[in-house]
Amino acid sequence: MELKGKTAIVTGGSQRIGRALVLALASAGCNITLHYNSSVASAQRTAAEAEALGGRIFLHSANLADPSELAGIVTATNQEFGPAQILINSAAIFPKDTLRDVTLDQWSETFRVNLRAPMLLTQAFARSLPDDMPGAVINLTDWRTARPYADHFSYSVAKGAIDAFTGAAAISLAPQIRVNAIALGAMLPPPGQGEEYLQALASNLPLQRVGGVDVIAQALLYLLGNDFVTGEIVRLDGGAHLQY
Ligand SMILES: NC(=O)c1ccc[n+]([C@@H]2O[C@H](COP(=O)([O-])OP(=O)(O)OC[C@H]3O[C@@H](n4cnc5c(N)ncnc54)[C@H](OP(=O)(O)O)[C@@H]3O)[C@@H](O)[C@H]2O)c1
């Protein structure tokens, strides 16, 4: 898919990894709906940065836990720019819980934001795409679905379901829409943690370093640009999966 002039939706695009995805798409010439939830100031800053790179940005706030707000992201995008052909499901939560202590509320919230929202958004995206236009969806997942965190139980299960969703959506939406995922390893420290969190992880990796956002942008542009890849999950983990 040629990206210049295409319309993209990025969920959770205000900061951190979502911001890097927005900037990569802006550099490639896309019109972008930058979805955010509560981070208005960061969303505005990222929008200004993306516009300086040549992208056109439409800011849209929605709580992804609420299904009534989801379809509006696609509708508003189509009104602003015309049909969205790219959807990036990046927004997520990363709660700390275990199988012993997770509450029903926490479990449900994790699944609402991390699994149900990407599914409903992908459905709305697919339904709104004109038959003669190709589309592409990228889901952000985690290489640790294969080696789950003990202390991020609901997150690990929901991201594992995102891996399954990627394949199921790819076969369901072929040939018009390709669906792929990027499985991240150590990229940015979780909110509230410093660089030392990542450096401790990096020393144990085969590649002895953490990824950073540039490698995610590279993978994003590859998966969007290559029209023969679907149902693929690209691991960006510095080789972590090789040694466990
Ligand atoms: N950071 C890593 O190293 C890493 C590793 C593995 C996988 N990943 C995955 O990569 C993606 C991006 O990671 P990240 O660390 O950049 O994520 P993050 O900062 O934890 O969260 C991204 C955004 O999700 C949005 N969000 C959370 N709850 C929401 C809700 N109810 N409704 C709408 N938006 C909501 C937030 O938007 P607002 O700020 O506007 O509220 C937030 O900015 C995620 O899917 C994550 O699981 C990241």
# chains A, B, ... in the order shown; residues from 1 in each chain; ligands from 1
call {"tool": "residues_near_ligand", "arguments": {"ligand": "ligand 1", "cutoff": "6 Å", "atoms": "only C-alpha atoms and all ligand atoms", "output": "VMD selection string"}}
result
chain A and resid 12 14 to 18 36 to 39 62 to 65 90 to 93 113 140 to 142 184 to 190
call {"tool": "write_last_selection", "arguments": {"atoms": "N, CA and C atoms", "output": "PDB file, in the first residue's frame"}}
result
ATOM      1  N   GLY A  12      -4.834   5.834  20.982  1.00  0.00           N
ATOM      2  CA  GLY A  12      -3.802   6.097  21.994  1.00  0.00           C
ATOM      3  C   GLY A  12      -2.595   6.778  21.386  1.00  0.00           C
ATOM      4  N   SER A  14      -1.500   9.906  21.581  1.00  0.00           N
ATOM      5  CA  SER A  14      -1.027  11.184  22.142  1.00  0.00           C
ATOM      6  C   SER A  14       0.420  11.142  22.585  1.00  0.00           C
ATOM      7  N   GLN A  15       0.865  10.000  23.087  1.00  0.00           N
ATOM      8  CA  GLN A  15       2.198   9.967  23.710  1.00  0.00           C
ATOM      9  C   GLN A  15       2.842   8.602  23.530  1.00  0.00           C
ATOM     10  N   ARG A  16       4.102   8.520  23.936  1.00  0.00           N
ATOM     11  CA  ARG A  16       4.830   7.260  23.987  1.00  0.00           C
ATOM     12  C   ARG A  16       4.809   6.543  22.628  1.00  0.00           C
ATOM     13  N   ILE A  17       4.430   5.277  22.584  1.00  0.00           N
ATOM     14  CA  ILE A  17       4.517   4.519  21.330  1.00  0.00           C
ATOM     15  C   ILE A  17       3.488   5.015  20.312  1.00  0.00           C
ATOM     16  N   GLY A  18       2.285   5.332  20.775  1.00  0.00           N
ATOM     17  CA  GLY A  18       1.272   5.857  19.859  1.00  0.00           C
ATOM     18  C   GLY A  18       1.745   7.122  19.163  1.00  0.00           C
ATOM     19  N   TYR A  36      -7.269   9.956  21.361  1.00  0.00           N
ATOM     20  CA  TYR A  36      -6.730   9.969  22.724  1.00  0.00           C
ATOM     21  C   TYR A  36      -7.904   9.816  23.683  1.00  0.00           C
ATOM     22  N   ASN A  37      -7.600   9.596  24.931  1.00  0.00           N
ATOM     23  CA  ASN A  37      -8.659   9.481  25.939  1.00  0.00           C
ATOM     24  C   ASN A  37      -8.609  10.687  26.857  1.00  0.00           C
ATOM     25  N   SER A  38      -7.584  10.755  27.720  1.00  0.00           N
ATOM     26  CA  SER A  38      -7.517  11.837  28.703  1.00  0.00           C
ATOM     27  C   SER A  38      -6.354  12.789  28.480  1.00  0.00           C
ATOM     28  N   SER A  39      -5.389  12.423  27.641  1.00  0.00           N
ATOM     29  CA  SER A  39      -4.165  13.221  27.506  1.00  0.00           C
ATOM     30  C   SER A  39      -4.320  14.310  26.442  1.00  0.00           C
ATOM     31  N   ALA A  62     -12.046   9.616  22.823  1.00  0.00           N
ATOM     32  CA  ALA A  62     -13.073   8.607  23.116  1.00  0.00           C
ATOM     33  C   ALA A  62     -12.531   7.666  24.181  1.00  0.00           C
ATOM     34  N   ASN A  63     -13.439   7.244  25.042  1.00  0.00           N
ATOM     35  CA  ASN A  63     -13.101   6.206  26.016  1.00  0.00           C
ATOM     36  C   ASN A  63     -13.358   4.854  25.354  1.00  0.00           C
ATOM     37  N   LEU A  64     -12.301   4.109  25.107  1.00  0.00           N
ATOM     38  CA  LEU A  64     -12.434   2.854  24.360  1.00  0.00           C
ATOM     39  C   LEU A  64     -13.130   1.758  25.161  1.00  0.00           C
ATOM     40  N   ALA A  65     -13.297   1.988  26.455  1.00  0.00           N
ATOM     41  CA  ALA A  65     -14.048   1.010  27.252  1.00  0.00           C
ATOM     42  C   ALA A  65     -15.545   1.110  26.979  1.00  0.00           C
ATOM     43  N   SER A  90      -3.388   0.804  19.087  1.00  0.00           N
ATOM     44  CA  SER A  90      -2.248   0.893  20.012  1.00  0.00           C
ATOM     45  C   SER A  90      -2.676   1.114  21.465  1.00  0.00           C
ATOM     46  N   ALA A  91      -3.773   1.823  21.698  1.00  0.00           N
ATOM     47  CA  ALA A  91      -4.184   2.127  23.079  1.00  0.00           C
ATOM     48  C   ALA A  91      -4.364   0.840  23.874  1.00  0.00           C
ATOM     49  N   ALA A  92      -3.924   0.867  25.110  1.00  0.00           N
ATOM     50  CA  ALA A  92      -4.072  -0.312  25.976  1.00  0.00           C
ATOM     51  C   ALA A  92      -3.839   0.108  27.413  1.00  0.00           C
ATOM     52  N   ILE A  93      -4.210  -0.781  28.315  1.00  0.00           N
ATOM     53  CA  ILE A  93      -3.843  -0.595  29.722  1.00  0.00           C
ATOM     54  C   ILE A  93      -2.970  -1.775  30.154  1.00  0.00           C
ATOM     55  N   VAL A 113     -10.823  -2.642  27.092  1.00  0.00           N
ATOM     56  CA  VAL A 113      -9.898  -1.712  26.417  1.00  0.00           C
ATOM     57  C   VAL A 113      -8.930  -2.453  25.490  1.00  0.00           C
ATOM     58  N   LEU A 140      -1.090  -3.648  18.190  1.00  0.00           N
ATOM     59  CA  LEU A 140       0.109  -3.666  19.030  1.00  0.00           C
ATOM     60  C   LEU A 140      -0.080  -4.748  20.090  1.00  0.00           C
ATOM     61  N   THR A 141       0.862  -5.715  20.104  1.00  0.00           N
ATOM     62  CA  THR A 141       0.790  -6.770  21.099  1.00  0.00           C
ATOM     63  C   THR A 141       2.143  -6.882  21.795  1.00  0.00           C
ATOM     64  N   ASP A 142       2.375  -8.002  22.454  1.00  0.00           N
ATOM     65  CA  ASP A 142       3.522  -8.104  23.368  1.00  0.00           C
ATOM     66  C   ASP A 142       4.139  -9.485  23.187  1.00  0.00           C
ATOM     67  N   LEU A 184       5.780  -6.285  20.856  1.00  0.00           N
ATOM     68  CA  LEU A 184       6.895  -5.506  21.401  1.00  0.00           C
ATOM     69  C   LEU A 184       7.538  -6.193  22.589  1.00  0.00           C
ATOM     70  N   GLY A 185       8.834  -5.975  22.677  1.00  0.00           N
ATOM     71  CA  GLY A 185       9.576  -6.328  23.879  1.00  0.00           C
ATOM     72  C   GLY A 185       9.859  -5.056  24.650  1.00  0.00           C
ATOM     73  N   ALA A 186      11.065  -4.946  25.164  1.00  0.00           N
ATOM     74  CA  ALA A 186      11.430  -3.784  25.983  1.00  0.00           C
ATOM     75  C   ALA A 186      11.636  -2.568  25.084  1.00  0.00           C
ATOM     76  N   MET A 187      10.705  -1.644  25.137  1.00  0.00           N
ATOM     77  CA  MET A 187      10.746  -0.465  24.261  1.00  0.00           C
ATOM     78  C   MET A 187      10.823   0.817  25.068  1.00  0.00           C
ATOM     79  N   LEU A 188       9.815   1.040  25.895  1.00  0.00           N
ATOM     80  CA  LEU A 188       9.769   2.207  26.772  1.00  0.00           C
ATOM     81  C   LEU A 188       9.417   1.688  28.157  1.00  0.00           C
ATOM     82  N   PRO A 189       9.950   2.305  29.203  1.00  0.00           N
ATOM     83  CA  PRO A 189       9.548   1.860  30.541  1.00  0.00           C
ATOM     84  C   PRO A 189       8.071   2.140  30.759  1.00  0.00           C
ATOM     85  N   PRO A 190       7.374   1.278  31.511  1.00  0.00           N
ATOM     86  CA  PRO A 190       5.968   1.568  31.789  1.00  0.00           C
ATOM     87  C   PRO A 190       5.843   2.895  32.515  1.00  0.00           C
TER      88      PRO A 190
END
call {"tool": "residues_around", "arguments": {"residues": "A:Ala48", "least_positions_apart": "5", "cutoff": "9 Å", "atoms": "only C-alpha atoms", "output": "PyMOL selection string"}}
result
chain A and resi 43+53+57
call {"tool": "closest_residue", "arguments": {"among": "A:Ala150, A:Ser42, A:Gln85, A:Leu120", "to": "A:Ser68", "atoms": "only C-alpha atoms"}}
result
A:Leu120
call {"tool": "closest_residue", "arguments": {"among": "A:Gly5, A:Gly135, A:Gly239, A:Pro118", "to": "A:Pro175", "atoms": "only C-alpha atoms"}}
result
A:Gly135
call {"tool": "residues_around", "arguments": {"residues": "A:Leu3", "least_positions_apart": "5", "cutoff": "8 Å", "atoms": "only C-alpha atoms", "output": "VMD selection string"}}
result
chain A and resid 25 28 to 30 224 to 225
call {"tool": "closest_atom_pairs", "arguments": {"of": "stretch 84-124 of chain A", "to": "stretch 128-132 of chain A", "cutoff": "9 Å", "atoms": "only C-alpha atoms", "output": "tab-separated table"}}
result
residue	atom	partner	partner_atom	distance
A:Ala84	CA	A:Leu129	CA	7.0
A:Gln85	CA	A:Leu129	CA	7.0
A:Gln123	CA	A:Ser128	CA	8.6
A:Ala124	CA	A:Ser128	CA	6.2
call {"tool": "write_last_selection", "arguments": {"atoms": "N, CA and C atoms", "output": "CSV table (one decimal), in the first residue's frame"}}
result
chain,number,residue,atom,x,y,z
A,84,ALA,N,-11.2,5.9,6.0
A,84,ALA,CA,-9.9,5.5,6.6
A,84,ALA,C,-9.5,4.1,6.0
A,85,GLN,N,-8.3,4.0,5.6
A,85,GLN,CA,-7.8,2.8,5.0
A,85,GLN,C,-6.8,2.1,5.9
A,123,GLN,N,-14.1,-3.8,13.3
A,123,GLN,CA,-15.3,-4.1,12.7
A,123,GLN,C,-15.9,-2.9,12.0
A,124,ALA,N,-15.9,-1.8,12.8
A,124,ALA,CA,-16.5,-0.5,12.2
A,124,ALA,C,-15.7,0.0,11.0
call {"tool": "closest_residue", "arguments": {"among": "A:Asn31, A:Asn89, A:Thr98, A:Thr110", "to": "A:Thr77", "atoms": "only C-alpha atoms"}}
result
A:Asn31
call {"tool": "select_by_dssp", "arguments": {"residues": "stretch 20-186 of chain A", "states": "helix (DSSP H, G or I)", "output": "JSON, numbers by chain"}}
result
{"A": [20, 21, 22, 23, 24, 25, 26, 27, 40, 41, 42, 43, 44, 45, 46, 47, 48, 49, 50, 51, 52, 67, 68, 69, 70, 71, 72, 73, 74, 75, 76, 77, 78, 79, 80, 81, 104, 105, 106, 107, 108, 109, 110, 111, 112, 113, 114, 115, 116, 117, 118, 119, 120, 121, 122, 123, 124, 125, 126, 127, 128, 143, 144, 145, 153, 154, 155, 156, 157, 158, 159, 160, 161, 162, 163, 164, 165, 166, 167, 168, 169, 170, 171, 172, 173]}
call {"tool": "select_by_dssp", "arguments": {"residues": "stretch 29-240 of chain A", "states": "strand (DSSP E or B)", "output": "PyMOL selection string"}}
result
chain A and resi 31-36+56-61+86-89+97+135-142+152+177-184+233-236
call {"tool": "closest_residue", "arguments": {"among": "A:Gly54, A:Gly238, A:Gly194, A:Pro95", "to": "A:Tyr155", "atoms": "only C-alpha atoms"}}
result
A:Pro95
call {"tool": "residues_around", "arguments": {"residues": "A:Ile138", "least_positions_apart": "2", "cutoff": "12 Å", "atoms": "only C-alpha atoms", "output": "ChimeraX atom specification"}}
result
/A:8-11,18,21,85-91,118-119,121-122,135-136,140-141,162-163,165-167,169-170,177-183,216-217,219-225,229-234
